[in-house]
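S.K.: Following this line is final_12.json, made up of JSON, C-alpha atoms:
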[["chain", "number", "residue", "atom", "x", "y", "z"],
["C", 30, "MET", "CA", 116.53, 85.93, 102.26],
["C", 31, "GLU", "CA", 117.84, 82.62, 100.86],
["C", 32, "GLU", "CA", 117.95, 82.58, 97.12],
["C", 33, "SER", "CA", 117.60, 79.69, 94.69],
["C", 34, "ALA", "CA", 118.90, 79.79, 91.14],
["C", 35, "SER", "CA", 115.66, 81.30, 89.90],
["C", 36, "SER", "CA", 115.07, 83.50, 92.93],
["C", 37, "LYS", "CA", 116.62, 86.90, 93.22],
["C", 38, "ASP", "CA", 116.50, 90.11, 95.21],
["C", 39, "ILE", "CA", 117.16, 93.13, 93.04],
["C", 40, "SER", "CA", 117.58, 96.64, 94.38],
["C", 41, "LEU", "CA", 115.42, 99.24, 92.68],
["C", 42, "LYS", "CA", 115.21, 102.97, 93.28],
["C", 43, "GLU", "CA", 112.22, 105.16, 92.56],
["C", 44, "SER", "CA", 114.24, 106.79, 89.78],
["C", 45, "GLU", "CA", 114.92, 103.48, 88.05],
["C", 46, "MET", "CA", 113.03, 101.04, 85.86],
["C", 47, "LEU", "CA", 113.89, 97.34, 85.96],
["C", 48, "LEU", "CA", 113.75, 95.49, 82.65],
["C", 49, "LEU", "CA", 113.53, 91.73, 82.24],
["C", 50, "ARG", "CA", 114.38, 91.18, 78.58],
["C", 51, "GLY", "CA", 113.13, 87.89, 77.17],
["C", 52, "THR", "CA", 113.22, 86.60, 73.64],
["C", 53, "ALA", "CA", 109.52, 87.13, 72.94],
["C", 54, "GLY", "CA", 108.50, 89.62, 75.58],
["C", 55, "ILE", "CA", 109.69, 92.17, 78.09],
["C", 56, "VAL", "CA", 108.62, 92.92, 81.65],
["C", 57, "ALA", "CA", 109.23, 96.42, 83.04],
["C", 58, "ILE", "CA", 108.95, 97.27, 86.73],
["C", 59, "VAL", "CA", 108.95, 100.53, 88.70],
["C", 60, "LYS", "CA", 108.26, 101.40, 92.31],
["C", 61, "ALA", "CA", 104.79, 102.82, 93.01],
["C", 62, "GLY", "CA", 106.44, 105.81, 94.69],
["C", 63, "PRO", "CA", 105.23, 108.14, 97.43],
["C", 64, "ASN", "CA", 102.08, 109.35, 95.73],
["C", 65, "GLY", "CA", 100.36, 106.04, 96.29],
["C", 66, "GLN", "CA", 96.86, 106.80, 95.11],
["C", 67, "PHE", "CA", 95.73, 105.61, 91.70],
["C", 68, "PHE", "CA", 92.34, 105.30, 90.03],
["C", 69, "LEU", "CA", 90.60, 102.51, 88.20],
["C", 70, "GLU", "CA", 87.80, 103.82, 86.00],
["C", 71, "THR", "CA", 85.21, 101.24, 85.06],
["C", 72, "GLU", "CA", 82.11, 101.66, 82.96],
["C", 73, "ASN", "CA", 80.05, 102.42, 86.04],
["C", 74, "GLU", "CA", 82.29, 103.60, 88.83],
["C", 75, "GLU", "CA", 85.62, 104.87, 90.03],
["C", 76, "ILE", "CA", 87.75, 102.77, 92.39],
["C", 77, "VAL", "CA", 90.60, 104.23, 94.42],
["C", 78, "LEU", "CA", 93.71, 102.03, 94.41],
["C", 79, "GLY", "CA", 95.97, 102.65, 97.42],
["C", 80, "LEU", "CA", 99.59, 101.52, 97.16],
["C", 81, "GLU", "CA", 102.61, 101.65, 99.46],
["C", 82, "PRO", "CA", 105.77, 103.32, 98.09],
["C", 83, "HIS", "CA", 107.54, 99.96, 97.86],
["C", 84, "ASP", "CA", 104.70, 98.34, 95.92],
["C", 85, "LEU", "CA", 105.23, 97.88, 92.22],
["C", 86, "ILE", "CA", 103.77, 98.89, 88.91],
["C", 87, "VAL", "CA", 104.55, 96.19, 86.39],
["C", 88, "ALA", "CA", 104.09, 96.39, 82.62],
["C", 89, "SER", "CA", 104.33, 93.39, 80.32],
["C", 90, "ALA", "CA", 104.75, 93.43, 76.55],
["C", 91, "LEU", "CA", 104.41, 90.53, 74.14],
["C", 92, "SER", "CA", 107.07, 91.94, 71.88],
["C", 93, "VAL", "CA", 110.72, 92.97, 72.13],
["C", 94, "GLY", "CA", 112.98, 95.71, 70.87],
["C", 95, "GLU", "CA", 113.79, 99.35, 71.45],
["C", 96, "LYS", "CA", 110.33, 100.54, 70.44],
["C", 97, "THR", "CA", 108.69, 98.13, 72.89],
["C", 98, "GLU", "CA", 110.95, 99.29, 75.73],
["C", 99, "LYS", "CA", 110.12, 102.91, 74.99],
["C", 100, "GLY", "CA", 106.45, 101.97, 75.02],
["C", 101, "LEU", "CA", 106.78, 100.21, 78.36],
["C", 102, "LYS", "CA", 108.49, 103.21, 79.88],
["C", 103, "CYS", "CA", 105.87, 105.57, 78.48],
["C", 104, "VAL", "CA", 103.00, 103.47, 79.84],
["C", 105, "LEU", "CA", 104.57, 103.32, 83.31],
["C", 106, "PHE", "CA", 105.40, 107.02, 83.16],
["C", 107, "MET", "CA", 101.82, 107.85, 82.21],
["C", 108, "VAL", "CA", 100.49, 105.82, 85.13],
["C", 109, "ARG", "CA", 102.96, 106.88, 87.86],
["C", 110, "GLU", "CA", 104.13, 110.34, 86.91],
["C", 111, "ILE", "CA", 101.32, 111.81, 84.81],
["C", 112, "ARG", "CA", 98.75, 110.18, 87.09],
["C", 113, "SER", "CA", 96.73, 108.85, 84.21],
["C", 114, "PRO", "CA", 93.73, 106.93, 85.51],
["C", 115, "LEU", "CA", 93.43, 103.36, 84.32],
["C", 116, "ILE", "CA", 90.46, 102.92, 82.04],
["C", 117, "VAL", "CA", 88.86, 99.51, 82.37],
["C", 118, "LEU", "CA", 87.02, 98.21, 79.33],
["C", 119, "PRO", "CA", 83.81, 96.23, 79.75],
["C", 120, "LYS", "CA", 84.17, 92.46, 79.67],
["C", 121, "ASN", "CA", 84.69, 90.97, 76.21],
["C", 122, "HIS", "CA", 85.36, 94.33, 74.64],
["C", 123, "PRO", "CA", 86.88, 93.79, 71.17],
["C", 124, "ALA", "CA", 89.88, 95.98, 72.02],
["C", 125, "SER", "CA", 91.01, 93.77, 74.91],
["C", 126, "PRO", "CA", 92.98, 91.18, 72.91],
["C", 127, "ARG", "CA", 94.65, 93.94, 70.92],
["C", 128, "LEU", "CA", 96.43, 95.44, 73.89],
["C", 129, "PRO", "CA", 100.19, 95.37, 73.24],
["C", 130, "ILE", "CA", 101.10, 96.24, 76.83],
["C", 131, "VAL", "CA", 99.27, 95.39, 80.03],
["C", 132, "VAL", "CA", 99.88, 96.69, 83.53],
["C", 133, "SER", "CA", 99.58, 95.31, 87.03],
["C", 134, "ALA", "CA", 99.86, 97.39, 90.21],
["C", 135, "GLY", "CA", 100.21, 96.13, 93.75],
["C", 136, "GLY", "CA", 102.41, 94.25, 96.17],
["C", 137, "LYS", "CA", 102.77, 91.11, 94.08],
["C", 138, "THR", "CA", 102.32, 90.20, 90.43],
["C", 139, "VAL", "CA", 102.40, 86.75, 88.87],
["C", 140, "LEU", "CA", 103.06, 86.36, 85.16],
["C", 141, "SER", "CA", 101.10, 83.82, 83.17],
["C", 142, "CYS", "CA", 101.15, 82.85, 79.51],
["C", 143, "ASN", "CA", 97.88, 80.99, 79.83],
["C", 144, "ILE", "CA", 95.62, 83.99, 79.69],
["C", 145, "THR", "CA", 94.67, 86.14, 76.77],
["C", 146, "PRO", "CA", 95.99, 89.69, 76.83],
["C", 147, "GLY", "CA", 93.23, 91.71, 78.33],
["C", 148, "THR", "CA", 91.94, 89.06, 80.69],
["C", 149, "HIS", "CA", 93.03, 88.02, 84.14],
["C", 150, "PRO", "CA", 91.45, 85.12, 85.99],
["C", 151, "ASN", "CA", 93.10, 86.11, 89.26],
["C", 152, "GLN", "CA", 93.60, 89.54, 90.65],
["C", 153, "ASP", "CA", 97.38, 89.43, 90.73],
["C", 154, "VAL", "CA", 97.95, 87.71, 87.39],
["C", 155, "LEU", "CA", 99.36, 89.55, 84.42],
["C", 156, "CYS", "CA", 99.74, 88.08, 80.98],
["C", 157, "GLY", "CA", 103.19, 87.70, 79.53],
["C", 158, "SER", "CA", 105.23, 85.78, 77.00],
["C", 159, "ASN", "CA", 105.75, 82.03, 77.50],
["C", 160, "GLU", "CA", 109.23, 82.35, 78.95],
["C", 161, "PHE", "CA", 107.91, 84.40, 81.89],
["C", 162, "ASP", "CA", 105.14, 81.97, 82.81],
["C", 163, "GLY", "CA", 105.09, 81.56, 86.58],
["C", 164, "LEU", "CA", 107.35, 84.53, 87.28],
["C", 165, "GLU", "CA", 106.46, 86.10, 90.62],
["C", 166, "ILE", "CA", 107.41, 89.71, 91.29],
["C", 167, "THR", "CA", 107.07, 91.15, 94.79],
["C", 168, "GLY", "CA", 107.90, 94.65, 95.99],
["C", 169, "THR", "CA", 110.26, 94.93, 98.96],
["C", 170, "PRO", "CA", 111.49, 98.02, 100.83],
["C", 171, "GLU", "CA", 114.85, 97.66, 99.08],
["C", 172, "GLY", "CA", 113.57, 96.81, 95.63],
["C", 173, "VAL", "CA", 112.13, 93.72, 94.03],
["C", 174, "HIS", "CA", 112.07, 90.03, 94.89],
["C", 175, "VAL", "CA", 111.55, 87.70, 91.92],
["C", 176, "GLU", "CA", 110.76, 83.99, 91.95],
["C", 177, "ASN", "CA", 110.88, 81.63, 88.97],
["C", 178, "LEU", "CA", 113.05, 84.01, 87.02],
["C", 179, "PRO", "CA", 113.86, 82.48, 83.62],
["C", 180, "GLN", "CA", 117.06, 82.97, 81.67],
["C", 181, "CYS", "CA", 116.77, 86.55, 80.58],
["C", 182, "GLU", "CA", 118.69, 89.79, 80.57],
["C", 183, "VAL", "CA", 118.10, 91.83, 83.72],
["C", 184, "LEU", "CA", 119.03, 95.48, 83.68],
["C", 185, "LYS", "CA", 118.09, 98.81, 85.23],
["C", 186, "VAL", "CA", 117.61, 102.02, 83.30],
["C", 187, "ASN", "CA", 116.75, 105.55, 84.37],
["C", 188, "PHE", "CA", 113.02, 106.10, 84.67],
["C", 189, "ASP", "CA", 112.80, 109.33, 82.73],
["C", 190, "ILE", "CA", 111.38, 110.31, 79.39],
["R", 15, "MET", "CA", 96.60, 93.48, 93.36],
["R", 16, "CYS", "CA", 95.05, 93.96, 89.99],
["R", 17, "SER", "CA", 95.96, 93.64, 86.38],
["R", 18, "ILE", "CA", 95.13, 96.57, 84.26],
["R", 19, "GLY", "CA", 96.12, 98.49, 81.19],
["R", 20, "ASP", "CA", 95.23, 101.76, 79.61],
["R", 21, "SER", "CA", 92.22, 99.77, 78.61],
["R", 22, "PHE", "CA", 91.92, 96.32, 80.04],
["R", 23, "ASP", "CA", 89.28, 93.70, 80.55],
["R", 24, "ILE", "CA", 89.00, 93.16, 84.27],
["R", 25, "ASP", "CA", 86.62, 91.08, 86.38],
["R", 26, "MET", "CA", 85.58, 93.66, 88.90],
["R", 27, "GLU", "CA", 82.78, 91.71, 90.52],
["R", 28, "GLY", "CA", 84.27, 88.37, 91.44],
["R", 29, "LYS", "CA", 87.97, 88.89, 92.04],
["R", 30, "LEU", "CA", 88.99, 92.32, 93.24],
["R", 31, "PRO", "CA", 88.53, 92.96, 96.96],
["R", 32, "VAL", "CA", 86.79, 96.27, 96.44],
["R", 33, "LYS", "CA", 85.54, 97.89, 99.65],
["R", 34, "SER", "CA", 83.14, 100.75, 100.24],
["R", 35, "TYR", "CA", 84.54, 103.70, 102.17],
["R", 36, "GLU", "CA", 83.18, 106.87, 103.73],
["R", 37, "CYS", "CA", 85.37, 109.90, 104.37],
["R", 38, "LYS", "CA", 85.00, 111.19, 107.93],
["R", 39, "SER", "CA", 86.27, 114.61, 106.89],
["R", 40, "CYS", "CA", 83.96, 115.44, 103.98],
["R", 41, "GLY", "CA", 81.40, 112.63, 103.98],
["R", 42, "ASN", "CA", 82.32, 111.46, 100.49],
["R", 43, "LYS", "CA", 81.44, 107.85, 99.78],
["R", 44, "PHE", "CA", 83.66, 105.91, 97.43],
["R", 45, "LYS", "CA", 85.06, 102.50, 96.60],
["R", 46, "GLY", "CA", 88.66, 101.48, 97.07],
["R", 47, "ILE", "CA", 91.17, 98.66, 97.20],
["R", 48, "GLY", "CA", 94.68, 98.32, 98.53],
["R", 49, "LYS", "CA", 96.43, 100.05, 101.39],
["R", 50, "ASN", "CA", 96.28, 103.57, 102.82],
["R", 51, "VAL", "CA", 93.23, 104.47, 100.79],
["R", 52, "LYS", "CA", 92.55, 108.22, 100.84],
["R", 53, "CYS", "CA", 89.44, 110.18, 99.99],
["R", 54, "PRO", "CA", 89.59, 111.06, 96.28],
["R", 55, "SER", "CA", 87.65, 114.25, 96.97],
["R", 56, "CYS", "CA", 89.52, 115.92, 99.87],
["R", 57, "GLN", "CA", 92.63, 113.66, 100.09],
["R", 58, "SER", "CA", 91.94, 112.95, 103.77],
["R", 59, "SER", "CA", 93.27, 109.70, 105.21],
["R", 60, "ASP", "CA", 90.50, 109.74, 107.80],
["R", 61, "VAL", "CA", 88.31, 107.23, 106.02],
["R", 62, "ALA", "CA", 86.40, 104.20, 107.27],
["R", 63, "GLU", "CA", 84.91, 101.16, 105.65],
["R", 64, "SER", "CA", 81.15, 101.53, 105.31]]
So, in terms of structure tokens, how does the structure I just supplied come out?

M.R.:
Amino acid sequence: MEESASSKDISLKESEMLLLRGTAGIVAIVKAGPNGQFFLETENEEIVLGLEPHDLIVASALSVGEKTEKGLKCVLFMVREIRSPLIVLPKNHPASPRLPIVVSAGGKTVLSCNITPGTHPNQDVLCGSNEFDGLEITGTPEGVHVENLPQCEVLKVNFDI
Amino acid sequence: MCSIGDSFDIDMEGKLPVKSYECKSCGNKFKGIGKNVKCPSCQSSDVAES
């Protein structure tokens, strides 16, 4: 795959978590893994979410620092390893804008700074800090393909608690 | 696919391509999105859109 300056292919194992460290926010990415069945729990129903092993679970935080990175890892660990179902609040719930970390799961995620935490006008859009606006993250068999990657620190850490 | 959190405001009606499924193994009816959807009751992959 041809890469531009802001386009990158990054290898990622199931045992690793990819961190994109910005100045005002952090994006954390893990592979969905082999147990590709997750659950969305809404007020009225349960929805099964089927993912391929190379799909991604992406968490975005609007803060930085060691505590935030631990929080991102814990959220992703809860979702992928502990199999915590994802509880969906009703629309306009007062807790929505208070969420410090939000998660997207699927083949592709697009970061936007133009949505309020807790809302998503499109199904693959995840809110993030301004610097990550327009960032596109796609799962590949080898890892992750990113488009519109801003200047940020990119590193991999072990995905364990 | 979808943007979610431990608790997250999500527009389930207009945006997510939620489909109705029926399990051919146990008859369970459920809703799902994504790929390789399995029956949440018996874990069978033998499911069909209904």

S.K.: Enumerate as a VMD selection string the residues belonging to chain C that approach chain R to within 6 Å, with all atoms listed in the file taken into account.

M.R.: chain C and resid 76 to 80 115 to 118 120 125 131 to 135 147 to 148 152 to 153 155

S.K.: May I have the protein, DNA and RNA residues with any atom at most 9 Å from the point (110.4, 97.3, 99.1), counting only C-alpha atoms, written as a PyMOL selection string?

M.R.: chain C and resi 40-41+60+81-85+167-174

S.K.: May I have the residues from that selection written out with C-alpha atoms, as a short mmCIF file (atom, residue, chain, number, x, y, z; two decimals), in the coordinates of the input?

M.R.:
data_model
loop_
_atom_site.label_atom_id
_atom_site.label_comp_id
_atom_site.auth_asym_id
_atom_site.auth_seq_id
_atom_site.Cartn_x
_atom_site.Cartn_y
_atom_site.Cartn_z
CA SER C 40 117.58 96.64 94.38
CA LEU C 41 115.42 99.24 92.68
CA LYS C 60 108.26 101.40 92.31
CA GLU C 81 102.61 101.65 99.46
CA PRO C 82 105.77 103.32 98.09
CA HIS C 83 107.54 99.96 97.86
CA ASP C 84 104.70 98.34 95.92
CA LEU C 85 105.23 97.88 92.22
CA THR C 167 107.07 91.15 94.79
CA GLY C 168 107.90 94.65 95.99
CA THR C 169 110.26 94.93 98.96
CA PRO C 170 111.49 98.02 100.83
CA GLU C 171 114.85 97.66 99.08
CA GLY C 172 113.57 96.81 95.63
CA VAL C 173 112.13 93.72 94.03
CA HIS C 174 112.07 90.03 94.89
#

S.K.: Between CA of Glu74 (chain C) and CA of His122 (chain C), what distance in Å does the model show, to one decimal?

M.R.: 17.2 Å

S.K.: Measuring atom to atom with all atoms listed in the file, identify which of C:Pro63, C:Pro129, C:Pro119, C:Gly136 is nearest to Lys96 (chain C).

M.R.: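 Smallest separation from Lys96 (chain C) among the options: C:Pro129.
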
S.K.: With all atoms listed in the file as the counted atoms, please give the residues lying no more than 8 Å from Thr97 (chain C), apart from itself and same-chain residues fewer than 5 positions off, as a ChimeraX atom specification.

M.R.: /C:55,90,92

S.K.: Skip Ser55 (chain R) itself and residues of its chain fewer than 6 positions away, then list as a list of chain:residue names all residues within 9 Å of it, counting all atoms listed in the file.

M.R.: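 Here the answer would be R:Cys37, R:Cys40, R:Asn42.
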
S.K.: Compile the contact shell of Ser158 (chain C) as a VMD selection string: residues with an atom at most 6 Å away, counting all atoms listed in the file, same-chain residues fewer than 2 positions apart removed.

M.R.: chain C and resid 54 91 142 160 to 161

S.K.: How many Å separate CA of Asp162 (chain C) from CA of Pro179 (chain C)?

M.R.: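 Interatomic distance here is 8.8 Å.
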
S.K.: If we draw a sphere of 8 Å around (83.4, 106.1, 106.6), which residues have at least one atom in it when counting only C-alpha atoms? Please report them as a list in words.

M.R.: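 Returned residue set, sorted by chain then number, is Tyr35, Glu36, Cys37, Lys38, Gly41, Lys43, Val61, Ala62, Glu63 and Ser64 of chain R.
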
S.K.: Just the number, please: distance in Å from CA of Cys181 (chain C) to CA of Leu47 (chain C), one decimal.

M.R.: 12.4 Å

S.K.: Restricting the calculation to all atoms listed in the file: of C:Glu110, C:Glu75, C:Glu70, C:Glu176, which residue gets closest to Glu43 (chain C)?

M.R.: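 For Glu43 (chain C), the nearest of the candidates is C:Glu110.
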
S.K.: Set the distance at 12 Å and use all atoms listed in the file: which residues neighbour Arg112 (chain C) once local chain neighbours fewer than 4 positions away are removed? I'd like the list as an mmCIF file with C-alpha atoms, keeping the file's coordinate frame.

M.R.:
data_model
loop_
_atom_site.group_PDB
_atom_site.id
_atom_site.type_symbol
_atom_site.label_atom_id
_atom_site.label_comp_id
_atom_site.auth_asym_id
_atom_site.auth_seq_id
_atom_site.Cartn_x
_atom_site.Cartn_y
_atom_site.Cartn_z
ATOM 1 C CA ALA C 61 104.790 102.820 93.010
ATOM 2 C CA GLY C 62 106.440 105.810 94.690
ATOM 3 C CA ASN C 64 102.080 109.350 95.730
ATOM 4 C CA GLY C 65 100.360 106.040 96.290
ATOM 5 C CA GLN C 66 96.860 106.800 95.110
ATOM 6 C CA PHE C 67 95.730 105.610 91.700
ATOM 7 C CA PHE C 68 92.340 105.300 90.030
ATOM 8 C CA LEU C 69 90.600 102.510 88.200
ATOM 9 C CA VAL C 104 103.000 103.470 79.840
ATOM 10 C CA LEU C 105 104.570 103.320 83.310
ATOM 11 C CA PHE C 106 105.400 107.020 83.160
ATOM 12 C CA MET C 107 101.820 107.850 82.210
ATOM 13 C CA VAL C 108 100.490 105.820 85.130
ATOM 14 C CA ASP R 20 95.230 101.760 79.610
#

S.K.: What are the centre and the three edge lengths of an axis-aligned box that wraps all atoms of region 103-109 of chain C in the file, given that 4 Å is added to every side, written as lines of an AutoDock Vina configuration file and rounded to one decimal in Å?

M.R.:
center_x = 103.2
center_y = 105.6
center_z = 83.2
size_x = 13.4
size_y = 12.5
size_z = 17.4
